[in-house]
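Asker: Quick one, run36.pdb (PDB, C-alpha atoms):
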MODEL        1
ATOM      1  CA  MET A   1     -27.144 -15.272  -4.121
ATOM      2  CA  THR A   2     -26.264 -12.566  -6.587
ATOM      3  CA  ASP A   3     -23.343 -13.291  -8.849
ATOM      4  CA  GLY A   4     -20.231 -11.085  -8.793
ATOM      5  CA  ALA A   5     -21.111  -9.455 -12.114
ATOM      6  CA  SER A   6     -23.317  -6.963 -10.289
ATOM      7  CA  ILE A   7     -20.321  -5.576  -8.396
ATOM      8  CA  ARG A   8     -18.763  -2.471  -9.900
ATOM      9  CA  PRO A   9     -15.027  -3.133 -10.404
ATOM     10  CA  ASP A  10     -12.648  -1.101  -8.251
ATOM     11  CA  THR A  11     -10.326   0.691 -10.652
ATOM     12  CA  LYS A  12      -8.757   3.124  -8.158
ATOM     13  CA  ASP A  13      -5.016   3.224  -7.646
ATOM     14  CA  TRP A  14      -4.880   3.072  -3.850
ATOM     15  CA  THR A  15      -1.122   3.687  -3.554
ATOM     16  CA  TRP A  16      -1.858   7.209  -2.278
ATOM     17  CA  VAL A  17      -2.642   5.636   1.126
ATOM     18  CA  LEU A  18       1.103   5.382   1.665
ATOM     19  CA  SER A  19       1.385   9.175   1.820
ATOM     20  CA  GLU A  20      -1.901  10.275   3.400
ATOM     21  CA  PRO A  21      -4.524   8.781   5.734
ATOM     22  CA  CYS A  22      -7.528   7.042   4.217
ATOM     23  CA  PRO A  23     -10.566   9.273   4.801
ATOM     24  CA  GLU A  24     -12.883   6.248   4.844
ATOM     25  CA  CYS A  25     -11.282   3.695   7.164
ATOM     26  CA  GLY A  26      -8.876   6.060   8.952
ATOM     27  CA  TYR A  27      -5.761   3.993   8.209
ATOM     28  CA  ASP A  28      -2.599   6.084   8.445
ATOM     29  CA  ALA A  29       0.508   4.344   7.094
ATOM     30  CA  ALA A  30       2.720   6.952   8.783
ATOM     31  CA  ALA A  31       1.475   5.719  12.170
ATOM     32  CA  VAL A  32       2.591   2.107  11.587
ATOM     33  CA  ARG A  33       6.108   0.707  11.453
ATOM     34  CA  PRO A  34       6.581  -2.024   8.828
ATOM     35  CA  ASP A  35       7.829  -4.431  11.501
ATOM     36  CA  GLU A  36       4.440  -4.063  13.251
ATOM     37  CA  VAL A  37       2.427  -5.240  10.239
ATOM     38  CA  ALA A  38       2.657  -8.948  11.104
ATOM     39  CA  ALA A  39       0.971  -8.448  14.482
ATOM     40  CA  HIS A  40      -1.777  -6.307  12.927
ATOM     41  CA  ILE A  41      -2.468  -8.966  10.283
ATOM     42  CA  ARG A  42      -2.736 -11.718  12.918
ATOM     43  CA  ARG A  43      -5.198  -9.695  15.025
ATOM     44  CA  ASP A  44      -7.279  -8.814  11.988
ATOM     45  CA  ALA A  45      -7.451 -12.466  10.897
ATOM     46  CA  ASP A  46      -8.920 -13.419  14.286
ATOM     47  CA  GLY A  47     -11.729 -10.937  13.653
ATOM     48  CA  TRP A  48     -12.428 -12.409  10.207
ATOM     49  CA  VAL A  49     -12.630 -15.937  11.581
ATOM     50  CA  SER A  50     -15.255 -14.712  14.042
ATOM     51  CA  ARG A  51     -17.196 -12.706  11.436
ATOM     52  CA  LEU A  52     -17.255 -15.638   9.016
ATOM     53  CA  SER A  53     -18.994 -17.789  11.630
ATOM     54  CA  GLY A  54     -21.873 -15.343  11.982
ATOM     55  CA  ALA A  55     -25.368 -15.707  10.627
ATOM     56  CA  SER A  56     -26.165 -14.531   7.104
ATOM     57  CA  VAL A  57     -22.515 -13.971   6.109
ATOM     58  CA  ALA A  58     -23.358 -14.826   2.500
ATOM     59  CA  GLU A  59     -26.066 -12.163   2.209
ATOM     60  CA  ARG A  60     -25.187  -8.902   0.557
ATOM     61  CA  PRO A  61     -26.179  -5.848   2.608
ATOM     62  CA  ALA A  62     -27.151  -3.950  -0.543
ATOM     63  CA  PRO A  63     -27.069  -4.504  -4.298
ATOM     64  CA  GLY A  64     -23.538  -4.150  -5.601
ATOM     65  CA  VAL A  65     -21.933  -4.566  -2.158
ATOM     66  CA  TRP A  66     -20.009  -7.715  -1.300
ATOM     67  CA  SER A  67     -21.184  -9.934   1.532
ATOM     68  CA  VAL A  68     -18.967 -10.678   4.534
ATOM     69  CA  LEU A  69     -18.201 -14.025   2.863
ATOM     70  CA  GLU A  70     -17.098 -12.365  -0.373
ATOM     71  CA  TYR A  71     -14.929  -9.867   1.508
ATOM     72  CA  GLY A  72     -13.471 -12.742   3.542
ATOM     73  CA  CYS A  73     -12.542 -14.585   0.342
ATOM     74  CA  HIS A  74     -10.948 -11.413  -0.983
ATOM     75  CA  VAL A  75      -8.936 -10.786   2.199
ATOM     76  CA  ARG A  76      -7.742 -14.413   2.134
ATOM     77  CA  ASP A  77      -6.578 -13.943  -1.449
ATOM     78  CA  VAL A  78      -4.985 -10.572  -0.663
ATOM     79  CA  HIS A  79      -2.843 -12.314   1.963
ATOM     80  CA  ARG A  80      -1.851 -14.985  -0.551
ATOM     81  CA  VAL A  81      -0.992 -12.451  -3.266
ATOM     82  CA  PHE A  82       1.039 -10.240  -0.933
ATOM     83  CA  GLY A  83       2.807 -13.279   0.512
ATOM     84  CA  GLU A  84       3.929 -14.206  -2.989
ATOM     85  CA  ARG A  85       5.007 -10.632  -3.713
ATOM     86  CA  VAL A  86       7.111 -10.513  -0.546
ATOM     87  CA  ARG A  87       8.709 -13.829  -1.511
ATOM     88  CA  LEU A  88       9.532 -12.458  -4.976
ATOM     89  CA  MET A  89      11.035  -9.282  -3.520
ATOM     90  CA  LEU A  90      13.253 -11.262  -1.168
ATOM     91  CA  THR A  91      14.450 -13.756  -3.776
ATOM     92  CA  GLN A  92      14.717 -11.657  -6.950
ATOM     93  CA  ASP A  93      16.111  -8.258  -7.807
ATOM     94  CA  ASP A  94      13.393  -5.757  -8.733
ATOM     95  CA  PRO A  95      10.723  -8.307  -9.661
ATOM     96  CA  ARG A  96       7.651  -7.267 -11.624
ATOM     97  CA  PHE A  97       4.570  -8.696  -9.934
ATOM     98  CA  PRO A  98       2.093 -10.599 -12.067
ATOM     99  CA  ASN A  99      -1.139  -8.693 -12.532
ATOM    100  CA  TRP A 100      -3.927  -9.722 -10.171
ATOM    101  CA  ASP A 101      -7.483  -8.757 -11.100
ATOM    102  CA  GLN A 102      -9.429  -8.978  -7.864
ATOM    103  CA  ASP A 103     -12.796  -8.709  -9.574
ATOM    104  CA  GLU A 104     -11.981 -11.416 -12.105
ATOM    105  CA  THR A 105     -10.793 -13.637  -9.245
ATOM    106  CA  ALA A 106     -14.037 -13.091  -7.321
ATOM    107  CA  LEU A 107     -16.032 -14.286 -10.323
ATOM    108  CA  ALA A 108     -13.740 -17.154 -11.312
ATOM    109  CA  GLU A 109     -13.459 -18.455  -7.753
ATOM    110  CA  ARG A 110     -17.191 -17.967  -7.081
ATOM    111  CA  TYR A 111     -16.652 -16.120  -3.828
ATOM    112  CA  SER A 112     -20.380 -15.965  -3.114
ATOM    113  CA  GLU A 113     -20.646 -19.777  -3.197
ATOM    114  CA  GLN A 114     -17.724 -20.677  -0.947
ATOM    115  CA  VAL A 115     -18.197 -22.294   2.464
ATOM    116  CA  PRO A 116     -17.681 -19.714   5.247
ATOM    117  CA  SER A 117     -15.978 -22.113   7.677
ATOM    118  CA  VAL A 118     -13.542 -23.237   4.971
ATOM    119  CA  VAL A 119     -12.816 -19.619   4.019
ATOM    120  CA  ALA A 120     -12.216 -18.783   7.698
ATOM    121  CA  GLY A 121      -9.604 -21.515   7.999
ATOM    122  CA  GLU A 122      -7.946 -20.583   4.718
ATOM    123  CA  LEU A 123      -7.898 -16.897   5.649
ATOM    124  CA  ALA A 124      -6.331 -17.677   9.025
ATOM    125  CA  ARG A 125      -3.633 -19.808   7.371
ATOM    126  CA  ALA A 126      -2.908 -17.227   4.653
ATOM    127  CA  ALA A 127      -2.715 -14.443   7.244
ATOM    128  CA  GLY A 128      -0.409 -16.530   9.410
ATOM    129  CA  ASP A 129       1.829 -17.350   6.453
ATOM    130  CA  VAL A 130       2.210 -13.744   5.321
ATOM    131  CA  ALA A 131       2.598 -12.531   8.922
ATOM    132  CA  ASP A 132       5.388 -15.092   9.362
ATOM    133  CA  ALA A 133       7.007 -13.774   6.172
ATOM    134  CA  TYR A 134       6.882 -10.181   7.422
ATOM    135  CA  GLY A 135       8.101 -11.257  10.845
ATOM    136  CA  ALA A 136      11.168 -12.955   9.347
ATOM    137  CA  ILE A 137      12.343 -10.077   7.149
ATOM    138  CA  PRO A 138      15.944  -9.191   7.945
ATOM    139  CA  THR A 139      16.503  -5.550   8.867
ATOM    140  CA  GLY A 140      18.389  -4.746   5.662
ATOM    141  CA  ALA A 141      15.770  -6.352   3.394
ATOM    142  CA  TRP A 142      12.931  -3.895   4.090
ATOM    143  CA  SER A 143      14.317  -1.654   1.320
ATOM    144  CA  ARG A 144      14.303  -4.333  -1.414
ATOM    145  CA  ARG A 145      12.180  -3.233  -4.376
ATOM    146  CA  GLY A 146       9.463  -4.676  -6.566
ATOM    147  CA  LEU A 147       7.151  -3.325  -9.280
ATOM    148  CA  ARG A 148       3.435  -3.801  -9.680
ATOM    149  CA  SER A 149       2.258  -4.568 -13.219
ATOM    150  CA  ASN A 150       1.147  -0.931 -13.633
ATOM    151  CA  GLY A 151       4.661   0.288 -12.784
ATOM    152  CA  SER A 152       4.030   1.319  -9.154
ATOM    153  CA  GLU A 153       7.252   0.773  -7.222
ATOM    154  CA  PHE A 154       7.274  -0.669  -3.729
ATOM    155  CA  THR A 155       9.863  -1.581  -1.168
ATOM    156  CA  VAL A 156       9.144  -4.495   1.151
ATOM    157  CA  ALA A 157       8.346  -1.864   3.811
ATOM    158  CA  THR A 158       5.880   0.096   1.658
ATOM    159  CA  LEU A 159       4.335  -3.132   0.357
ATOM    160  CA  ALA A 160       3.693  -4.240   3.943
ATOM    161  CA  LEU A 161       2.046  -0.901   4.795
ATOM    162  CA  TYR A 162      -0.012  -0.969   1.585
ATOM    163  CA  HIS A 163      -1.083  -4.553   2.331
ATOM    164  CA  LEU A 164      -2.149  -3.569   5.835
ATOM    165  CA  HIS A 165      -4.365  -0.802   4.457
ATOM    166  CA  ASP A 166      -6.193  -3.329   2.283
ATOM    167  CA  VAL A 167      -6.848  -5.496   5.342
ATOM    168  CA  VAL A 168      -7.894  -2.614   7.602
ATOM    169  CA  HIS A 169     -10.102  -1.116   4.898
ATOM    170  CA  HIS A 170     -12.004  -4.336   4.283
ATOM    171  CA  THR A 171     -12.557  -4.840   7.990
ATOM    172  CA  TRP A 172     -14.001  -1.320   8.003
ATOM    173  CA  ASP A 173     -16.095  -2.226   4.922
ATOM    174  CA  VAL A 174     -17.882  -5.002   6.802
ATOM    175  CA  THR A 175     -18.173  -3.243  10.156
ATOM    176  CA  ALA A 176     -18.225   0.565  10.418
ATOM    177  CA  GLY A 177     -18.343   1.166   6.660
ATOM    178  CA  ARG A 178     -21.829  -0.248   6.326
TER     179      ARG A 178
ENDMDL
END
Mind turning the file's structure into structure tokens?
Answerer:
Amino acid sequence: MTDGASIRPDTKDWTWVLSEPCPECGYDAAAVRPDEVAAHIRRDADGWVSRLSGASVAERPAPGVWSVLEYGCHVRDVHRVFGERVRLMLTQDDPRFPNWDQDETALAERYSEQVPSVVAGELARAAGDVADAYGAIPTGAWSRRGLRSNGSEFTVATLALYHLHDVVHHTWDVTAGR
């Protein structure tokens, strides 16, 4: 397997997907209510569990493009990171989220060497946990704020919609995007 160093880091600020549809995956945040995000995350996780049981999930489709396994590891970790951010927003006033370098994590955690069946189970649990968190948000708490390390401001509602784009986009990456 190729190590993660051959992947070009993603340095884009994707927060624009909250105000306009993504031209690649088609996600449109305006078409989703924040209280619908939990159900979307659960459905998406079922698809990942299935994909991670397929043949050749650890093979990259092209140089510099993550394998299904590597994307699955990333989506699992995205759920964990966003779950923690939601928890911070609900328990602290205007928290600043710790920086998370997804590319550094992929290398440090050796995404390409992880066991697909283990990743599938972990992804399902992480998706269920964060979906439960979104599903339990009181009506008045959707407007609570938090700040990303680069200063981008989110409410719980916009964080949920931003999180969902990440999930939808990576599903597109490993299906239609190839």
Asker: Work out how far atom CA of Pro116 of chain A is from atom CA of Arg80 of chain A, in Å to one decimal.
Answerer: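 Calculated distance between atom CA of Arg80 of chain A and atom CA of Pro116 of chain A is 17.5 Å.
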Asker: Write out as a short mmCIF file (atom, residue, chain, number, x, y, z; two decimals) with C-alpha atoms, keeping the file's coordinate frame the residues lying within 9 Å of Val130 of chain A, counting only C-alpha atoms and excluding same-chain residues fewer than 6 positions away.
Answerer:
data_model
loop_
_atom_site.label_atom_id
_atom_site.label_comp_id
_atom_site.auth_asym_id
_atom_site.auth_seq_id
_atom_site.Cartn_x
_atom_site.Cartn_y
_atom_site.Cartn_z
CA ALA A 38 2.66 -8.95 11.10
CA ILE A 41 -2.47 -8.97 10.28
CA HIS A 79 -2.84 -12.31 1.96
CA ARG A 80 -1.85 -14.98 -0.55
CA PHE A 82 1.04 -10.24 -0.93
CA GLY A 83 2.81 -13.28 0.51
CA GLU A 84 3.93 -14.21 -2.99
CA VAL A 86 7.11 -10.51 -0.55
#
Asker: Please, what is the axis-aligned box for every listed atom of segment 56-63 of chain A with 5 Å on each side, as centre and edge lengths in Å to one decimal, as AutoDock Vina command-line options?
Answerer:
--center_x -24.8 --center_y -9.4 --center_z 1.4 --size_x 14.6 --size_y 20.9 --size_z 21.4
Asker: Could you tell me which of A:Arg51, A:Trp142, A:Asp44, A:Ala39 comes closest to Val119 of chain A if we count only C-alpha atoms?
Answerer: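 Selected residue with least distance to Val119 of chain A: A:Arg51.
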Asker: Counting all atoms listed in the file, what is within 9 Å of Ala141 of chain A, bar same-chain residues fewer than 3 positions away, as a ChimeraX atom specification?
Answerer: /A:89-90,137-138,144,155-157
Asker: Considering all atoms listed in the file, can you say which of A:Thr105, A:Asn99, A:Thr15, A:Ser143 comes closest to Tyr162 of chain A?
Answerer: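 For Tyr162 of chain A, the nearest of the candidates is A:Thr15.
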Asker: Start from the incomplete input, build all heavy atoms for segment 149-160 of chain A, and deliver everything as a tab-separated table (two decimals), keeping the file's coordinate frame.
Answerer:
chain	number	residue	atom	x	y	z
A	149	SER	N	2.39	-4.50	-11.76
A	149	SER	CA	2.26	-4.57	-13.22
A	149	SER	C	1.97	-3.20	-13.85
A	149	SER	O	2.29	-2.98	-15.01
A	149	SER	CB	1.17	-5.56	-13.60
A	149	SER	OG	-0.07	-5.20	-13.04
A	150	ASN	N	1.42	-2.27	-13.09
A	150	ASN	CA	1.15	-0.93	-13.63
A	150	ASN	C	2.34	0.01	-13.46
A	150	ASN	O	2.25	1.19	-13.78
A	150	ASN	CB	-0.10	-0.32	-12.99
A	150	ASN	CG	0.10	0.07	-11.55
A	150	ASN	OD1	1.15	-0.18	-10.95
A	150	ASN	ND2	-0.93	0.67	-10.95
A	151	GLY	N	3.46	-0.51	-12.93
A	151	GLY	CA	4.66	0.29	-12.78
A	151	GLY	C	4.86	0.88	-11.40
A	151	GLY	O	5.92	1.45	-11.13
A	152	SER	N	3.86	0.80	-10.51
A	152	SER	CA	4.03	1.32	-9.15
A	152	SER	C	5.17	0.58	-8.47
A	152	SER	O	5.22	-0.64	-8.47
A	152	SER	CB	2.75	1.14	-8.34
A	152	SER	OG	1.69	1.87	-8.87
A	153	GLU	N	6.09	1.36	-7.88
A	153	GLU	CA	7.25	0.77	-7.22
A	153	GLU	C	7.01	0.69	-5.72
A	153	GLU	O	6.48	1.61	-5.10
A	153	GLU	CB	8.49	1.63	-7.48
A	153	GLU	CG	9.74	1.07	-6.85
A	153	GLU	CD	10.96	1.92	-7.10
A	153	GLU	OE1	11.17	2.32	-8.27
A	153	GLU	OE2	11.69	2.19	-6.14
A	154	PHE	N	7.38	-0.44	-5.17
A	154	PHE	CA	7.27	-0.67	-3.73
A	154	PHE	C	8.61	-1.13	-3.20
A	154	PHE	O	9.40	-1.73	-3.92
A	154	PHE	CB	6.25	-1.77	-3.43
A	154	PHE	CG	4.83	-1.40	-3.69
A	154	PHE	CD1	4.25	-1.64	-4.91
A	154	PHE	CD2	4.07	-0.79	-2.70
A	154	PHE	CE1	2.93	-1.30	-5.16
A	154	PHE	CE2	2.76	-0.43	-2.94
A	154	PHE	CZ	2.18	-0.69	-4.16
A	155	THR	N	8.83	-0.88	-1.91
A	155	THR	CA	9.86	-1.58	-1.17
A	155	THR	C	9.11	-2.62	-0.34
A	155	THR	O	7.87	-2.57	-0.25
A	155	THR	CB	10.63	-0.64	-0.23
A	155	THR	OG1	9.72	-0.11	0.74
A	155	THR	CG2	11.33	0.49	-1.01
A	156	VAL	N	9.82	-3.53	0.28
A	156	VAL	CA	9.14	-4.50	1.15
A	156	VAL	C	8.38	-3.72	2.24
A	156	VAL	O	7.24	-4.06	2.56
A	156	VAL	CB	10.14	-5.51	1.76
A	156	VAL	CG1	9.45	-6.41	2.78
A	156	VAL	CG2	10.80	-6.34	0.67
A	157	ALA	N	8.99	-2.66	2.77
A	157	ALA	CA	8.35	-1.86	3.81
A	157	ALA	C	7.06	-1.21	3.32
A	157	ALA	O	6.02	-1.28	3.99
A	157	ALA	CB	9.31	-0.80	4.33
A	158	THR	N	7.10	-0.57	2.14
A	158	THR	CA	5.88	0.10	1.66
A	158	THR	C	4.84	-0.92	1.21
A	158	THR	O	3.64	-0.68	1.36
A	158	THR	CB	6.17	1.10	0.53
A	158	THR	OG1	6.78	0.44	-0.58
A	158	THR	CG2	7.04	2.25	1.02
A	159	LEU	N	5.29	-2.08	0.72
A	159	LEU	CA	4.34	-3.13	0.36
A	159	LEU	C	3.60	-3.62	1.60
A	159	LEU	O	2.38	-3.81	1.58
A	159	LEU	CB	5.05	-4.30	-0.33
A	159	LEU	CG	4.09	-5.36	-0.88
A	159	LEU	CD1	3.50	-4.89	-2.20
A	159	LEU	CD2	4.81	-6.68	-1.07
A	160	ALA	N	4.31	-3.80	2.69
A	160	ALA	CA	3.69	-4.24	3.94
A	160	ALA	C	2.65	-3.23	4.42
A	160	ALA	O	1.53	-3.61	4.80
A	160	ALA	CB	4.76	-4.45	5.02
